[in-house]
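Pasting coords_35.pdb here (PDB, C-alpha atoms, pLDDT in the B column):
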ATOM      1  CA  MET A   1     160.250 119.484 149.196  1.00 52.00           C
ATOM      2  CA  LEU A   2     156.593 118.783 150.004  1.00 49.00           C
ATOM      3  CA  ILE A   3     157.596 116.290 152.668  1.00 55.00           C
ATOM      4  CA  ARG A   4     160.074 118.760 154.144  1.00 52.00           C
ATOM      5  CA  ASN A   5     157.413 121.496 154.289  1.00 52.00           C
ATOM      6  CA  ALA A   6     154.922 119.119 155.886  1.00 46.00           C
ATOM      7  CA  VAL A   7     157.454 118.056 158.511  1.00 42.00           C
ATOM      8  CA  HIS A   8     158.282 121.710 159.195  1.00 47.00           C
ATOM      9  CA  LYS A   9     154.608 122.563 159.718  1.00 46.00           C
ATOM     10  CA  ILE A  10     154.160 119.619 162.064  1.00 46.00           C
ATOM     11  CA  LEU A  11     157.192 120.672 164.098  1.00 43.00           C
ATOM     12  CA  VAL A  12     155.862 124.232 164.330  1.00 39.00           C
ATOM     13  CA  ILE A  13     152.497 122.959 165.560  1.00 41.00           C
ATOM     14  CA  ILE A  14     154.133 120.681 168.130  1.00 42.00           C
ATOM     15  CA  LEU A  15     156.338 123.521 169.347  1.00 42.00           C
ATOM     16  CA  PHE A  16     153.301 125.789 169.636  1.00 38.00           C
ATOM     17  CA  LEU A  17     151.384 123.202 171.647  1.00 40.00           C
ATOM     18  CA  ILE A  18     154.326 122.615 173.962  1.00 43.00           C
ATOM     19  CA  THR A  19     154.828 126.345 174.495  1.00 41.00           C
ATOM     20  CA  THR A  20     151.127 126.856 175.167  1.00 40.00           C
ATOM     21  CA  THR A  21     151.107 124.041 177.704  1.00 42.00           C
ATOM     22  CA  LEU A  22     154.194 125.334 179.461  1.00 43.00           C
ATOM     23  CA  ALA A  23     152.717 128.818 179.725  1.00 44.00           C
ATOM     24  CA  ALA A  24     149.327 127.638 180.922  1.00 61.00           C
ATOM     25  CA  ALA A  25     150.219 127.383 184.610  1.00 76.00           C
ATOM     26  CA  GLY A  26     150.936 130.355 186.839  1.00 79.00           C
ATOM     27  CA  PHE A  27     154.653 129.519 186.688  1.00 74.00           C
ATOM     28  CA  ASP A  28     157.185 128.275 184.139  1.00 79.00           C
ATOM     29  CA  CYS A  29     156.575 124.550 183.720  1.00 89.00           C
ATOM     30  CA  GLN A  30     160.060 124.155 182.262  1.00 81.00           C
ATOM     31  CA  LYS A  31     161.323 124.945 185.751  1.00 77.00           C
ATOM     32  CA  ALA A  32     158.887 122.664 187.589  1.00 78.00           C
ATOM     33  CA  SER A  33     160.939 120.962 190.290  1.00 79.00           C
ATOM     34  CA  THR A  34     158.467 119.481 192.788  1.00 86.00           C
ATOM     35  CA  ASP A  35     155.890 116.711 192.516  1.00 87.00           C
ATOM     36  CA  VAL A  36     153.076 119.248 192.913  1.00 87.00           C
ATOM     37  CA  GLU A  37     154.418 121.555 190.209  1.00 89.00           C
ATOM     38  CA  ARG A  38     154.794 118.628 187.821  1.00 90.00           C
ATOM     39  CA  MET A  39     151.260 117.495 188.684  1.00 88.00           C
ATOM     40  CA  ILE A  40     149.916 120.958 187.863  1.00 89.00           C
ATOM     41  CA  CYS A  41     151.763 121.054 184.554  1.00 91.00           C
ATOM     42  CA  ASP A  42     150.590 117.555 183.604  1.00 90.00           C
ATOM     43  CA  LYS A  43     146.883 118.275 184.196  1.00 88.00           C
ATOM     44  CA  PRO A  44     145.417 120.913 181.832  1.00 90.00           C
ATOM     45  CA  GLN A  45     142.445 121.715 184.079  1.00 90.00           C
ATOM     46  CA  LEU A  46     144.678 122.128 187.104  1.00 90.00           C
ATOM     47  CA  SER A  47     147.191 124.132 185.114  1.00 91.00           C
ATOM     48  CA  GLU A  48     144.454 126.502 183.978  1.00 93.00           C
ATOM     49  CA  ALA A  49     143.251 126.908 187.568  1.00 93.00           C
ATOM     50  CA  ASP A  50     146.786 127.724 188.700  1.00 93.00           C
ATOM     51  CA  LYS A  51     147.052 130.392 185.998  1.00 94.00           C
ATOM     52  CA  LYS A  52     143.732 131.945 187.041  1.00 94.00           C
ATOM     53  CA  MET A  53     144.856 131.964 190.656  1.00 95.00           C
ATOM     54  CA  ALA A  54     148.173 133.626 189.779  1.00 95.00           C
ATOM     55  CA  ASP A  55     146.387 136.270 187.691  1.00 95.00           C
ATOM     56  CA  ALA A  56     143.898 136.987 190.492  1.00 95.00           C
ATOM     57  CA  TYR A  57     146.769 137.311 192.972  1.00 96.00           C
ATOM     58  CA  GLN A  58     148.600 139.815 190.774  1.00 95.00           C
ATOM     59  CA  GLN A  59     145.455 141.860 190.131  1.00 95.00           C
ATOM     60  CA  LEU A  60     144.701 142.123 193.839  1.00 96.00           C
ATOM     61  CA  ARG A  61     148.317 142.932 194.631  1.00 95.00           C
ATOM     62  CA  THR A  62     148.339 145.909 192.268  1.00 95.00           C
ATOM     63  CA  VAL A  63     145.585 147.742 194.182  1.00 95.00           C
ATOM     64  CA  LEU A  64     147.168 147.316 197.617  1.00 96.00           C
ATOM     65  CA  PRO A  65     149.501 149.738 199.404  1.00 95.00           C
ATOM     66  CA  SER A  66     153.024 148.419 199.982  1.00 92.00           C
ATOM     67  CA  SER A  67     152.437 147.327 203.593  1.00 89.00           C
ATOM     68  CA  GLU A  68     149.413 145.260 202.595  1.00 95.00           C
ATOM     69  CA  ARG A  69     151.184 143.797 199.573  1.00 95.00           C
ATOM     70  CA  GLU A  70     153.733 142.333 201.960  1.00 93.00           C
ATOM     71  CA  LEU A  71     150.943 140.870 204.091  1.00 93.00           C
ATOM     72  CA  LEU A  72     149.354 139.294 201.021  1.00 95.00           C
ATOM     73  CA  LYS A  73     152.735 137.992 199.847  1.00 95.00           C
ATOM     74  CA  GLN A  74     153.403 136.266 203.166  1.00 93.00           C
ATOM     75  CA  GLU A  75     149.922 134.777 203.230  1.00 93.00           C
ATOM     76  CA  GLN A  76     150.286 133.561 199.636  1.00 94.00           C
ATOM     77  CA  ARG A  77     153.494 131.751 200.555  1.00 94.00           C
ATOM     78  CA  GLU A  78     151.670 130.023 203.391  1.00 94.00           C
ATOM     79  CA  TRP A  79     148.853 129.080 201.034  1.00 94.00           C
ATOM     80  CA  LEU A  80     151.298 127.598 198.519  1.00 93.00           C
ATOM     81  CA  ALA A  81     152.794 125.392 201.230  1.00 93.00           C
ATOM     82  CA  TYR A  82     149.280 124.356 202.250  1.00 92.00           C
ATOM     83  CA  ARG A  83     148.434 123.719 198.584  1.00 90.00           C
ATOM     84  CA  ASP A  84     151.390 121.384 198.180  1.00 91.00           C
ATOM     85  CA  PHE A  85     150.172 119.265 201.075  1.00 91.00           C
ATOM     86  CA  GLU A  86     146.526 119.269 199.979  1.00 88.00           C
ATOM     87  CA  LEU A  87     147.143 118.413 196.332  1.00 87.00           C
ATOM     88  CA  LEU A  88     149.306 115.440 197.256  1.00 87.00           C
ATOM     89  CA  ASN A  89     146.592 114.122 199.569  1.00 87.00           C
ATOM     90  CA  CYS A  90     143.430 114.769 197.552  1.00 83.00           C
ATOM     91  CA  ALA A  91     141.166 111.744 197.701  1.00 70.00           C
ATOM     92  CA  LYS A  92     137.932 113.078 196.197  1.00 74.00           C
ATOM     93  CA  GLN A  93     137.235 113.628 192.513  1.00 69.00           C
ATOM     94  CA  ASN A  94     138.003 117.192 191.365  1.00 80.00           C
ATOM     95  CA  CYS A  95     139.461 117.899 194.807  1.00 87.00           C
ATOM     96  CA  GLU A  96     142.413 119.779 193.306  1.00 87.00           C
ATOM     97  CA  VAL A  97     140.256 122.055 191.143  1.00 88.00           C
ATOM     98  CA  HIS A  98     137.850 122.775 194.000  1.00 89.00           C
ATOM     99  CA  PHE A  99     140.826 123.670 196.179  1.00 90.00           C
ATOM    100  CA  TYR A 100     141.947 126.218 193.604  1.00 93.00           C
ATOM    101  CA  GLU A 101     138.421 127.533 193.140  1.00 93.00           C
ATOM    102  CA  VAL A 102     138.328 128.587 196.783  1.00 93.00           C
ATOM    103  CA  ARG A 103     141.601 130.483 196.462  1.00 95.00           C
ATOM    104  CA  ILE A 104     140.560 132.180 193.233  1.00 95.00           C
ATOM    105  CA  LYS A 105     137.344 133.372 194.892  1.00 94.00           C
ATOM    106  CA  GLN A 106     139.333 134.676 197.850  1.00 95.00           C
ATOM    107  CA  LEU A 107     141.610 136.727 195.627  1.00 95.00           C
ATOM    108  CA  GLY A 108     139.302 138.069 192.964  1.00 90.00           C
ATOM    109  CA  PRO A 109     137.713 139.790 191.325  1.00 90.00           C
ATOM    110  CA  VAL A 110     138.771 142.835 193.318  1.00 91.00           C
ATOM    111  CA  GLU A 111     135.830 144.127 195.344  1.00 92.00           C
ATOM    112  CA  GLN A 112     134.880 146.977 197.658  1.00 90.00           C
ATOM    113  CA  THR A 113     133.089 146.624 200.987  1.00 92.00           C
ATOM    114  CA  ASP A 114     129.366 147.314 201.246  1.00 90.00           C
ATOM    115  CA  LEU A 115     130.071 149.361 204.361  1.00 91.00           C
ATOM    116  CA  ASN A 116     129.560 153.100 204.128  1.00 90.00           C
ATOM    117  CA  CYS A 117     133.072 154.131 205.102  1.00 91.00           C
ATOM    118  CA  SER A 118     132.235 157.844 205.099  1.00 89.00           C
ATOM    119  CA  THR A 119     129.892 157.614 208.098  1.00 88.00           C
ATOM    120  CA  GLN A 120     130.415 156.978 211.797  1.00 72.00           C
ATOM    121  CA  LYS A 121     132.003 153.571 212.240  1.00 81.00           C
ATOM    122  CA  THR A 122     132.553 150.973 214.945  1.00 91.00           C
ATOM    123  CA  SER A 123     136.120 149.886 215.702  1.00 91.00           C
ATOM    124  CA  VAL A 124     135.634 146.821 213.496  1.00 94.00           C
ATOM    125  CA  GLU A 125     134.230 148.862 210.619  1.00 93.00           C
ATOM    126  CA  GLU A 126     137.127 151.280 211.050  1.00 93.00           C
ATOM    127  CA  MET A 127     139.593 148.407 210.670  1.00 94.00           C
ATOM    128  CA  ILE A 128     137.846 147.173 207.528  1.00 95.00           C
ATOM    129  CA  CYS A 129     137.494 150.621 205.967  1.00 95.00           C
ATOM    130  CA  SER A 130     141.116 151.570 206.649  1.00 94.00           C
ATOM    131  CA  THR A 131     142.549 148.373 205.133  1.00 95.00           C
ATOM    132  CA  ARG A 132     142.216 147.851 201.379  1.00 95.00           C
ATOM    133  CA  LEU A 133     142.731 144.103 201.684  1.00 96.00           C
ATOM    134  CA  LEU A 134     139.908 143.805 204.216  1.00 96.00           C
ATOM    135  CA  ARG A 135     137.595 145.991 202.147  1.00 95.00           C
ATOM    136  CA  HIS A 136     138.196 143.586 199.288  1.00 96.00           C
ATOM    137  CA  ALA A 137     137.574 140.520 201.477  1.00 96.00           C
ATOM    138  CA  ASP A 138     134.408 142.007 202.957  1.00 96.00           C
ATOM    139  CA  GLY A 139     133.175 142.790 199.457  1.00 96.00           C
ATOM    140  CA  ARG A 140     133.941 139.256 198.261  1.00 96.00           C
ATOM    141  CA  ILE A 141     131.902 137.830 201.134  1.00 96.00           C
ATOM    142  CA  SER A 142     128.943 140.082 200.327  1.00 96.00           C
ATOM    143  CA  GLN A 143     129.093 139.169 196.640  1.00 95.00           C
ATOM    144  CA  LEU A 144     129.358 135.431 197.259  1.00 95.00           C
ATOM    145  CA  TYR A 145     126.578 135.557 199.841  1.00 96.00           C
ATOM    146  CA  ASN A 146     124.252 137.458 197.501  1.00 95.00           C
ATOM    147  CA  ASP A 147     125.014 135.092 194.620  1.00 93.00           C
ATOM    148  CA  LEU A 148     124.223 132.113 196.823  1.00 93.00           C
ATOM    149  CA  GLN A 149     120.992 133.666 198.019  1.00 93.00           C
ATOM    150  CA  ASN A 150     119.877 134.258 194.440  1.00 91.00           C
ATOM    151  CA  GLU A 151     120.465 130.584 193.688  1.00 89.00           C
ATOM    152  CA  LEU A 152     118.820 129.289 196.856  1.00 88.00           C
ATOM    153  CA  LYS A 153     115.711 131.433 196.474  1.00 82.00           C
ATOM    154  CA  GLN A 154     114.762 129.320 193.487  1.00 80.00           C
ATOM    155  CA  ASP A 155     113.598 126.799 196.074  1.00 75.00           C
ATOM    156  CA  ARG A 156     109.874 127.494 196.476  1.00 72.00           C
ATOM    157  CA  TYR A 157     110.039 127.207 200.274  1.00 67.00           C
ATOM    158  CA  HIS A 158     113.208 129.302 200.666  1.00 78.00           C
ATOM    159  CA  ILE A 159     114.298 127.049 203.528  1.00 85.00           C
ATOM    160  CA  LYS A 160     117.962 126.928 202.535  1.00 87.00           C
ATOM    161  CA  SER A 161     117.903 130.652 201.906  1.00 90.00           C
ATOM    162  CA  GLN A 162     116.637 131.320 205.422  1.00 92.00           C
ATOM    163  CA  VAL A 163     119.235 128.994 206.920  1.00 92.00           C
ATOM    164  CA  LEU A 164     122.019 130.782 205.069  1.00 94.00           C
ATOM    165  CA  LYS A 165     120.644 134.183 206.109  1.00 95.00           C
ATOM    166  CA  GLN A 166     120.656 133.172 209.769  1.00 96.00           C
ATOM    167  CA  ASP A 167     124.161 131.780 209.400  1.00 96.00           C
ATOM    168  CA  GLN A 168     125.378 135.016 207.810  1.00 96.00           C
ATOM    169  CA  GLU A 169     123.840 137.092 210.603  1.00 97.00           C
ATOM    170  CA  TRP A 170     125.562 134.849 213.140  1.00 97.00           C
ATOM    171  CA  TRP A 171     128.865 135.216 211.286  1.00 97.00           C
ATOM    172  CA  VAL A 172     128.624 139.035 211.266  1.00 96.00           C
ATOM    173  CA  ARG A 173     128.147 139.024 215.043  1.00 96.00           C
ATOM    174  CA  LEU A 174     131.092 136.660 215.399  1.00 97.00           C
ATOM    175  CA  ARG A 175     133.151 138.896 213.102  1.00 96.00           C
ATOM    176  CA  ASP A 176     132.448 141.951 215.234  1.00 96.00           C
ATOM    177  CA  THR A 177     133.426 140.052 218.371  1.00 96.00           C
ATOM    178  CA  GLU A 178     136.569 138.489 216.924  1.00 96.00           C
ATOM    179  CA  LEU A 179     137.930 141.558 215.168  1.00 95.00           C
ATOM    180  CA  SER A 180     137.379 143.768 218.210  1.00 95.00           C
ATOM    181  CA  GLN A 181     139.810 141.678 220.263  1.00 95.00           C
ATOM    182  CA  PRO A 182     143.171 143.378 220.972  1.00 93.00           C
ATOM    183  CA  TYR A 183     145.127 140.461 219.509  1.00 93.00           C
ATOM    184  CA  CYS A 184     143.255 140.488 216.186  1.00 95.00           C
ATOM    185  CA  LYS A 185     145.077 142.828 213.820  1.00 92.00           C
ATOM    186  CA  ARG A 186     145.003 142.947 210.017  1.00 92.00           C
ATOM    187  CA  ARG A 187     146.581 139.519 209.510  1.00 92.00           C
ATOM    188  CA  CYS A 188     144.140 137.887 211.915  1.00 95.00           C
ATOM    189  CA  ALA A 189     141.195 139.687 210.290  1.00 96.00           C
ATOM    190  CA  TRP A 190     142.295 138.690 206.774  1.00 95.00           C
ATOM    191  CA  ARG A 191     142.448 135.028 207.775  1.00 94.00           C
ATOM    192  CA  PHE A 192     139.068 135.294 209.463  1.00 96.00           C
ATOM    193  CA  PHE A 193     137.537 136.648 206.260  1.00 97.00           C
ATOM    194  CA  GLN A 194     139.302 133.982 204.191  1.00 95.00           C
ATOM    195  CA  ARG A 195     137.667 131.211 206.191  1.00 96.00           C
ATOM    196  CA  ARG A 196     134.251 132.718 205.546  1.00 96.00           C
ATOM    197  CA  ILE A 197     134.898 132.957 201.814  1.00 96.00           C
ATOM    198  CA  GLU A 198     135.978 129.313 201.810  1.00 94.00           C
ATOM    199  CA  PHE A 199     132.754 128.344 203.576  1.00 95.00           C
ATOM    200  CA  LEU A 200     130.596 130.215 201.061  1.00 95.00           C
ATOM    201  CA  VAL A 201     132.430 128.719 198.082  1.00 92.00           C
ATOM    202  CA  ARG A 202     132.229 125.181 199.454  1.00 88.00           C
ATOM    203  CA  TYR A 203     128.553 125.657 200.310  1.00 84.00           C
ATOM    204  CA  ARG A 204     127.799 124.670 196.710  1.00 70.00           C
ATOM    205  CA  PHE A 205     129.848 121.469 196.758  1.00 62.00           C
TER
END

What does this structure look like when you write it as structure tokens?
Amino acid sequence: MLIRNAVHKILVIILFLITTTLAAAGFDCQKASTDVERMICDKPQLSEADKKMADAYQQLRTVLPSSERELLKQEQREWLAYRDFELLNCAKQNCEVHFYEVRIKQLGPVEQTDLNCSTQKTSVEEMICSTRLLRHADGRISQLYNDLQNELKQDRYHIKSQVLKQDQEWWVRLRDTELSQPYCKRRCAWRFFQRRIEFLVRYRF
């Protein structure tokens, strides 16, 4: 009887561990069908990153109007295809986790723009203020930039801080030029913001 109870407890623990592992990723690992999905499920750190990314995606999606949810959905599909290529070709250590870190920072936490959307606006500011997804992206950029500046100002000479400040000022001018072009609609603007977020996240690496 004691042996039977001990075996039962061990089986329960094993089942719990398996279930926890399968639920760790942002998808059902029991249904993993590609090399990338199996890679994610086999690596706990990568599986955790995938879960965080999926949660951030869902949280952002819930605050968007239906038209913007569709835009985010299409862009997420493109990112997943890009992810599959990148994860199979990662050469550097922690490349996979860093790749996910960029996406997680792009998606969340949900932010608001620093722009005062109740005052007179330029055409670019109007686009940002009228699009919830862009307000979020603009807010993420501001937050990441400010966080970086706080870290860099620990340098007694503030050289890196000044370089980043100049780069951010240049990027804002480029943003205003790019987003004011007739061809650059919401999808174009979202991608433009995404590239800036990626730059700010990778600035630490």

Result set of the PyMOL selection byres ((chain A and resi 59) around 12) on the coordinates above, as a VMD selection string: chain A and resid 52 to 58 60 to 64 69 72 104 107 to 111 136

Residue members of the PyMOL selection byres ((chain A and resi 157-170) around 10) in the file shown, as JSON, numbers by chain: {"A": [141, 142, 145, 146, 148, 149, 150, 151, 152, 153, 154, 155, 156, 171, 172, 173, 174, 175, 196, 200, 203]}

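Atom CA of Ala91 of chain A sits 18.7 Å away from atom CA of Ser47 of chain A.
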
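Take atom CA of Lys185 of chain A and atom CA of Ser130 of chain A: the distance between them is 12.0 Å.
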
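Once the PyMOL selection byres ((chain A and resi 115) around 8) is applied to this file, the selection holds Thr113, Asp114, Asn116, Cys117, Glu125 and Cys129 of chain A.
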
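Shortest atom-to-atom contact with Thr131 of chain A among A:Val102, A:Leu144, A:Leu71, A:Met39: A:Leu71, counting all atoms listed in the file.
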
Nearest to Lys73 of chain A by atom-to-atom distance, counting only C-alpha atoms, from A:Ala49, A:Leu133, A:Val124, A:Val97: A:Leu133

Can you complete the atoms of segment 149-163 of chain A to N, CA and C atoms and list them as a PDB file, in the frame of the given file?
ATOM      1  N   GLN A 149     122.396 133.414 197.692  1.00 93.00           N
ATOM      2  CA  GLN A 149     120.992 133.666 198.019  1.00 93.00           C
ATOM      3  C   GLN A 149     120.131 133.670 196.757  1.00 93.00           C
ATOM      4  N   ASN A 150     120.636 134.244 195.699  1.00 91.00           N
ATOM      5  CA  ASN A 150     119.877 134.258 194.440  1.00 91.00           C
ATOM      6  C   ASN A 150     119.640 132.846 193.917  1.00 91.00           C
ATOM      7  N   GLU A 151     120.621 131.977 194.114  1.00 89.00           N
ATOM      8  CA  GLU A 151     120.465 130.584 193.688  1.00 89.00           C
ATOM      9  C   GLU A 151     119.482 129.841 194.592  1.00 89.00           C
ATOM     10  N   LEU A 152     119.629 130.041 195.896  1.00 88.00           N
ATOM     11  CA  LEU A 152     118.820 129.289 196.856  1.00 88.00           C
ATOM     12  C   LEU A 152     117.358 129.718 196.854  1.00 88.00           C
ATOM     13  N   LYS A 153     117.088 130.948 196.471  1.00 82.00           N
ATOM     14  CA  LYS A 153     115.711 131.433 196.474  1.00 82.00           C
ATOM     15  C   LYS A 153     114.875 130.811 195.360  1.00 82.00           C
ATOM     16  N   GLN A 154     115.517 130.052 194.504  1.00 80.00           N
ATOM     17  CA  GLN A 154     114.762 129.320 193.487  1.00 80.00           C
ATOM     18  C   GLN A 154     113.963 128.179 194.111  1.00 80.00           C
ATOM     19  N   ASP A 155     114.367 127.786 195.312  1.00 75.00           N
ATOM     20  CA  ASP A 155     113.598 126.799 196.074  1.00 75.00           C
ATOM     21  C   ASP A 155     112.287 127.456 196.527  1.00 75.00           C
ATOM     22  N   ARG A 156     111.175 126.865 196.222  1.00 72.00           N
ATOM     23  CA  ARG A 156     109.874 127.494 196.476  1.00 72.00           C
ATOM     24  C   ARG A 156     109.636 127.783 197.954  1.00 72.00           C
ATOM     25  N   TYR A 157     110.261 127.006 198.846  1.00 67.00           N
ATOM     26  CA  TYR A 157     110.039 127.207 200.274  1.00 67.00           C
ATOM     27  C   TYR A 157     111.094 128.116 200.918  1.00 67.00           C
ATOM     28  N   HIS A 158     112.155 128.394 200.191  1.00 78.00           N
ATOM     29  CA  HIS A 158     113.208 129.302 200.666  1.00 78.00           C
ATOM     30  C   HIS A 158     113.835 128.837 201.984  1.00 78.00           C
ATOM     31  N   ILE A 159     113.766 127.544 202.253  1.00 85.00           N
ATOM     32  CA  ILE A 159     114.298 127.049 203.528  1.00 85.00           C
ATOM     33  C   ILE A 159     115.812 127.233 203.593  1.00 85.00           C
ATOM     34  N   LYS A 160     116.505 126.806 202.544  1.00 87.00           N
ATOM     35  CA  LYS A 160     117.962 126.928 202.535  1.00 87.00           C
ATOM     36  C   LYS A 160     118.384 128.395 202.561  1.00 87.00           C
ATOM     37  N   SER A 161     117.604 129.222 201.912  1.00 90.00           N
ATOM     38  CA  SER A 161     117.903 130.652 201.906  1.00 90.00           C
ATOM     39  C   SER A 161     117.815 131.237 203.310  1.00 90.00           C
ATOM     40  N   GLN A 162     116.802 130.835 204.053  1.00 92.00           N
ATOM     41  CA  GLN A 162     116.637 131.320 205.422  1.00 92.00           C
ATOM     42  C   GLN A 162     117.757 130.816 206.332  1.00 92.00           C
ATOM     43  N   VAL A 163     118.143 129.567 206.121  1.00 92.00           N
ATOM     44  CA  VAL A 163     119.235 128.994 206.920  1.00 92.00           C
ATOM     45  C   VAL A 163     120.530 129.764 206.669  1.00 92.00           C
TER      46      VAL A 163
END
